[in-house]
Structure formats: C-alpha cells, structure tokens
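For reference, the structure is listed below as structure tokens.
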Amino acid sequence: MSKHLTFVLLSLLPALPESYAADNSVIAELQGSLLAKVRVTSWHTGCPVPPEDLRVLKIDYVNYHGKEEIGELIVHKDVAAEVLSIFKALHKERFPIEQIRPVEEYGGSDDRSMEANNTSAFNCRDVTGQPGKFSNHSWGRAIDINPLTNPYIKGTTVLPPKGRQHLDRIKSETGIIRADSPIVKLFQKAGWAWGGMWTDRQDYQHFEKPER
C-alpha cells in the first residue's frame, strides 16, 4: 500500500475525543517494594487481615485539572473487582479526584493523607474517635475520596482541620460529594454505605462495605 493511500485511509478515521484514554485497569497482589512498605506502615501484627488478602488496583481517573491520571488503591481481594468497576464508571463520568495514592506514601498517616486530599483505602487503624476499635479501612473495605474537599464532621471536630473551608455542602465545588451525586448512587448500588448519611456524624469522604 502506498504512503499516500495510507494517509488517505487514516484521515477518514474519526478523531478521538480529547477525553479519550486507554484502559489501564489492573488488579494485582501486593509484591516487591509496595508490599514491603505496607508491612512497615499501614499494617502491623494483630491487624484483622494479612497483606496476602489485599490487592492493589491500577485506576484511571481525571484529576482536579481535568487531566488523565493513573492511581493506585489498596483494597481487600473480595471487593477489588467491584471497586474497580465503580472507579471505571467514575472515570467515564469524569468525576474529579485530586489524587489516588496508597497511604504508604504518607507513612501510613491518615492525617497527612487527608491533608493532601488523597483518595485511599486500606489502612490498619482505629475508628476515628474510638481507640481500640478497628476501622473498616483495616479490612480494606472502606475508601476515603477527596477527604479535604469532603471532610469528617462531628460536633465542632472537622478532619482534616483545613476541611473547614469546605463545610458549605450546597455550593458547587470540584470533587464535592453530596447525596444526589452519581458517585453515591454508584457505591450504594454495589451495597456500600456513605458516611455523609450518618446521623451521629457526617463523614462525607467515606464509603464502606463491612463484612456481613
């Protein structure tokens, strides 16, 4: 085939939209340096699940500037496929997420991860305000999404503290999660609960699916 004919045929193909991105989705066991980091940061002896029961997801998402990114999220193997499916739908809807990085990149610190508005899942830690009680994050069955934009609120406590600038849940804001948001409906359809509907506190960033 001549170069001229090849050029003509290619020119007849429809142009890809600017939002087009290849599907980079992956579900994998924890290995190598990531597994090593997990063992010394977010996991410790006595945690309710071993690292072998966790999976790392490679996730396509759109950041706060509309740019295509690939993130990593660590969840329990039993929910890995459905979490990936939900985030694929969020990517298709172009729901903005500032960043998706394992909490290990913040030394296992939930506070530092929230301050960076980082979306994360597994972290073997206590329930906020309830020392000695494992959070569902400890099973890899809870996810915090855009936590600075969607803070935890109980009485006068706001976490992260800088989340106070995002207490107005009515105004339109990048990455905000409200009851009528498609993201809430996607998680609820898969059987996940949203912390924004709790009556004793509002945890707008938080989605969880405890073991039955």
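As shown in the structure tokens, the chain order sets the letters A, B, ...; within each chain, residues go from 1, and ligands are also counted from 1 in the order they appear.
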Got a sec: who's within 12 Å of Leu186 of chain A, counting only C-alpha atoms, leaving out chain neighbours fewer than 5 positions off, as a ChimeraX atom specification?
/A:82-90,93,95,179-181,191-194,207
May I have the residues from that selection written out with N, CA and C atoms, as an mmCIF file, in the first residue's frame?
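Wrote selection_19.cif, looks like this:
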data_model
loop_
_atom_site.group_PDB
_atom_site.id
_atom_site.type_symbol
_atom_site.label_atom_id
_atom_site.label_comp_id
_atom_site.auth_asym_id
_atom_site.auth_seq_id
_atom_site.Cartn_x
_atom_site.Cartn_y
_atom_site.Cartn_z
ATOM 1 N N GLU A 82 -15.358 -5.114 42.217
ATOM 2 C CA GLU A 82 -16.444 -4.144 42.212
ATOM 3 C C GLU A 82 -15.945 -2.717 42.423
ATOM 4 N N VAL A 83 -14.883 -2.557 43.228
ATOM 5 C CA VAL A 83 -14.312 -1.213 43.394
ATOM 6 C C VAL A 83 -13.746 -0.719 42.071
ATOM 7 N N LEU A 84 -13.057 -1.581 41.361
ATOM 8 C CA LEU A 84 -12.508 -1.196 40.066
ATOM 9 C C LEU A 84 -13.635 -0.816 39.098
ATOM 10 N N SER A 85 -14.731 -1.563 39.127
ATOM 11 C CA SER A 85 -15.877 -1.271 38.264
ATOM 12 C C SER A 85 -16.477 0.097 38.590
ATOM 13 N N ILE A 86 -16.573 0.412 39.887
ATOM 14 C CA ILE A 86 -17.106 1.714 40.301
ATOM 15 C C ILE A 86 -16.209 2.845 39.813
ATOM 16 N N PHE A 87 -14.903 2.682 39.977
ATOM 17 C CA PHE A 87 -13.992 3.745 39.557
ATOM 18 C C PHE A 87 -13.921 3.873 38.031
ATOM 19 N N LYS A 88 -14.160 2.785 37.322
ATOM 20 C CA LYS A 88 -14.264 2.885 35.865
ATOM 21 C C LYS A 88 -15.456 3.752 35.495
ATOM 22 N N ALA A 89 -16.569 3.557 36.202
ATOM 23 C CA ALA A 89 -17.761 4.368 35.941
ATOM 24 C C ALA A 89 -17.517 5.833 36.293
ATOM 25 N N LEU A 90 -16.794 6.081 37.400
ATOM 26 C CA LEU A 90 -16.475 7.461 37.787
ATOM 27 C C LEU A 90 -15.584 8.121 36.736
ATOM 28 N N GLU A 93 -17.678 9.076 33.851
ATOM 29 C CA GLU A 93 -18.456 10.279 34.190
ATOM 30 C C GLU A 93 -17.561 11.505 34.351
ATOM 31 N N PHE A 95 -15.734 12.214 36.927
ATOM 32 C CA PHE A 95 -15.788 12.739 38.288
ATOM 33 C C PHE A 95 -14.371 13.065 38.736
ATOM 34 N N ALA A 179 -25.468 13.969 48.541
ATOM 35 C CA ALA A 179 -26.411 12.848 48.487
ATOM 36 C C ALA A 179 -26.902 12.571 47.071
ATOM 37 N N ASP A 180 -27.006 13.620 46.251
ATOM 38 C CA ASP A 180 -27.518 13.433 44.890
ATOM 39 C C ASP A 180 -26.403 13.211 43.866
ATOM 40 N N SER A 181 -25.158 13.040 44.343
ATOM 41 C CA SER A 181 -24.038 12.840 43.436
ATOM 42 C C SER A 181 -24.067 11.429 42.839
ATOM 43 N N GLY A 191 -23.896 -1.908 47.219
ATOM 44 C CA GLY A 191 -24.062 -2.304 48.612
ATOM 45 C C GLY A 191 -23.173 -1.591 49.610
ATOM 46 N N TRP A 192 -22.571 -0.480 49.185
ATOM 47 C CA TRP A 192 -21.704 0.290 50.071
ATOM 48 C C TRP A 192 -22.503 1.378 50.778
ATOM 49 N N ALA A 193 -22.117 1.698 52.018
ATOM 50 C CA ALA A 193 -22.733 2.792 52.766
ATOM 51 C C ALA A 193 -21.893 4.050 52.616
ATOM 52 N N TRP A 194 -22.558 5.202 52.659
ATOM 53 C CA TRP A 194 -21.871 6.500 52.564
ATOM 54 C C TRP A 194 -21.956 7.212 53.908
ATOM 55 N N PHE A 207 -16.736 5.841 52.196
ATOM 56 C CA PHE A 207 -17.622 4.777 51.720
ATOM 57 C C PHE A 207 -17.106 3.464 52.304
#
Pull the strand (DSSP E or B) assignments for chain A out of DSSP run on the backbone, and list those residues as an MDAnalysis selection string.
chainID A and resid 26:29 54:62 68:76 96 99:100 118:120 126:127 130:134 142:144 152:154 157:159 193:194 202:203 206:208
Residues from the last selection, C-alpha atoms, saved as a PDB file, in the first residue's frame:
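Result file is result_39.pdb:
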ATOM      1  CA  VAL A  26      -5.248  -3.782  36.812  1.00  0.00           C
ATOM      2  CA  ILE A  27      -5.906  -5.911  39.912  1.00  0.00           C
ATOM      3  CA  ALA A  28      -2.728  -7.383  41.372  1.00  0.00           C
ATOM      4  CA  GLU A  29      -1.345  -8.964  44.535  1.00  0.00           C
ATOM      5  CA  LEU A  54      -5.129  -7.326  49.863  1.00  0.00           C
ATOM      6  CA  ARG A  55      -4.979  -6.259  46.236  1.00  0.00           C
ATOM      7  CA  VAL A  56      -3.614  -3.127  44.564  1.00  0.00           C
ATOM      8  CA  LEU A  57      -5.755  -1.594  41.842  1.00  0.00           C
ATOM      9  CA  LYS A  58      -4.402   0.493  38.981  1.00  0.00           C
ATOM     10  CA  ILE A  59      -7.120   3.068  38.342  1.00  0.00           C
ATOM     11  CA  ASP A  60      -7.704   5.583  35.576  1.00  0.00           C
ATOM     12  CA  TYR A  61      -9.112   8.874  36.831  1.00  0.00           C
ATOM     13  CA  VAL A  62      -9.469  12.540  35.971  1.00  0.00           C
ATOM     14  CA  GLU A  68      -5.952  11.927  32.852  1.00  0.00           C
ATOM     15  CA  GLU A  69      -4.034  10.138  35.621  1.00  0.00           C
ATOM     16  CA  ILE A  70      -3.366   6.585  36.837  1.00  0.00           C
ATOM     17  CA  GLY A  71      -3.645   5.935  40.579  1.00  0.00           C
ATOM     18  CA  GLU A  72      -3.149   3.029  42.982  1.00  0.00           C
ATOM     19  CA  LEU A  73      -5.701   1.928  45.575  1.00  0.00           C
ATOM     20  CA  ILE A  74      -5.263  -0.960  48.040  1.00  0.00           C
ATOM     21  CA  VAL A  75      -8.435  -2.872  48.956  1.00  0.00           C
ATOM     22  CA  HIS A  76      -9.493  -6.324  50.137  1.00  0.00           C
ATOM     23  CA  PRO A  96     -12.734  14.699  39.511  1.00  0.00           C
ATOM     24  CA  GLN A  99      -5.079  12.092  43.556  1.00  0.00           C
ATOM     25  CA  ILE A 100      -5.177   8.352  44.326  1.00  0.00           C
ATOM     26  CA  ASN A 118      -5.585  11.994  48.771  1.00  0.00           C
ATOM     27  CA  THR A 119      -8.029   9.188  47.994  1.00  0.00           C
ATOM     28  CA  SER A 120      -7.020   5.961  49.763  1.00  0.00           C
ATOM     29  CA  ASP A 126      -8.730   2.668  64.742  1.00  0.00           C
ATOM     30  CA  VAL A 127     -12.124   4.180  64.055  1.00  0.00           C
ATOM     31  CA  GLN A 130     -12.855   5.261  69.064  1.00  0.00           C
ATOM     32  CA  PRO A 131      -9.429   3.980  70.216  1.00  0.00           C
ATOM     33  CA  GLY A 132      -9.086   0.201  70.214  1.00  0.00           C
ATOM     34  CA  LYS A 133     -11.788  -0.419  67.614  1.00  0.00           C
ATOM     35  CA  PHE A 134     -10.660  -1.326  64.104  1.00  0.00           C
ATOM     36  CA  ALA A 142     -13.529   1.373  53.193  1.00  0.00           C
ATOM     37  CA  ILE A 143     -12.456   4.186  50.879  1.00  0.00           C
ATOM     38  CA  ASP A 144     -11.977   7.908  51.587  1.00  0.00           C
ATOM     39  CA  TYR A 152     -15.297  14.312  58.534  1.00  0.00           C
ATOM     40  CA  ILE A 153     -17.524  16.366  60.855  1.00  0.00           C
ATOM     41  CA  LYS A 154     -18.646  15.545  64.384  1.00  0.00           C
ATOM     42  CA  THR A 157     -14.445  18.493  65.145  1.00  0.00           C
ATOM     43  CA  VAL A 158     -13.506  18.744  61.473  1.00  0.00           C
ATOM     44  CA  LEU A 159     -10.949  16.399  59.904  1.00  0.00           C
ATOM     45  CA  ALA A 193     -22.733   2.792  52.766  1.00  0.00           C
ATOM     46  CA  TRP A 194     -21.871   6.500  52.564  1.00  0.00           C
ATOM     47  CA  GLN A 202     -21.042  13.257  58.721  1.00  0.00           C
ATOM     48  CA  ASP A 203     -18.084  11.588  57.034  1.00  0.00           C
ATOM     49  CA  HIS A 206     -16.132   7.829  53.441  1.00  0.00           C
ATOM     50  CA  PHE A 207     -17.622   4.777  51.720  1.00  0.00           C
ATOM     51  CA  GLU A 208     -17.584   1.336  53.326  1.00  0.00           C
TER      52      GLU A 208
END
Write down as a PDB file with C-alpha atoms, in the first residue's frame the residues of segment 104-181 of chain A whose backbone DSSP state falls under alpha helix (DSSP H).
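File written: part24.pdb
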ATOM      1  CA  ASP A 110      -4.333   9.170  57.776  1.00  0.00           C
ATOM      2  CA  ASP A 111      -3.959  12.815  58.809  1.00  0.00           C
ATOM      3  CA  ARG A 112      -1.271  13.531  56.213  1.00  0.00           C
ATOM      4  CA  SER A 113      -3.182  11.691  53.507  1.00  0.00           C
ATOM      5  CA  MET A 114      -6.348  13.681  54.227  1.00  0.00           C
ATOM      6  CA  GLU A 115      -4.474  16.980  54.262  1.00  0.00           C
TER       7      GLU A 115
END
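The smallest atom-to-atom distance between Pro48 of chain A and any of A:Gly32, A:Gly140, A:Pro102, A:Gly107, using only C-alpha atoms, is found for A:Gly140.
We find atom CA of Thr199 of chain A and atom CA of Ser138 of chain A to be spaced 22.8 Å apart.
Counting only C-alpha atoms and comparing A:Thr128, A:Ser42, A:Thr149, A:Ser135, the residue that lies closest to Gly108 of chain A is A:Ser42.
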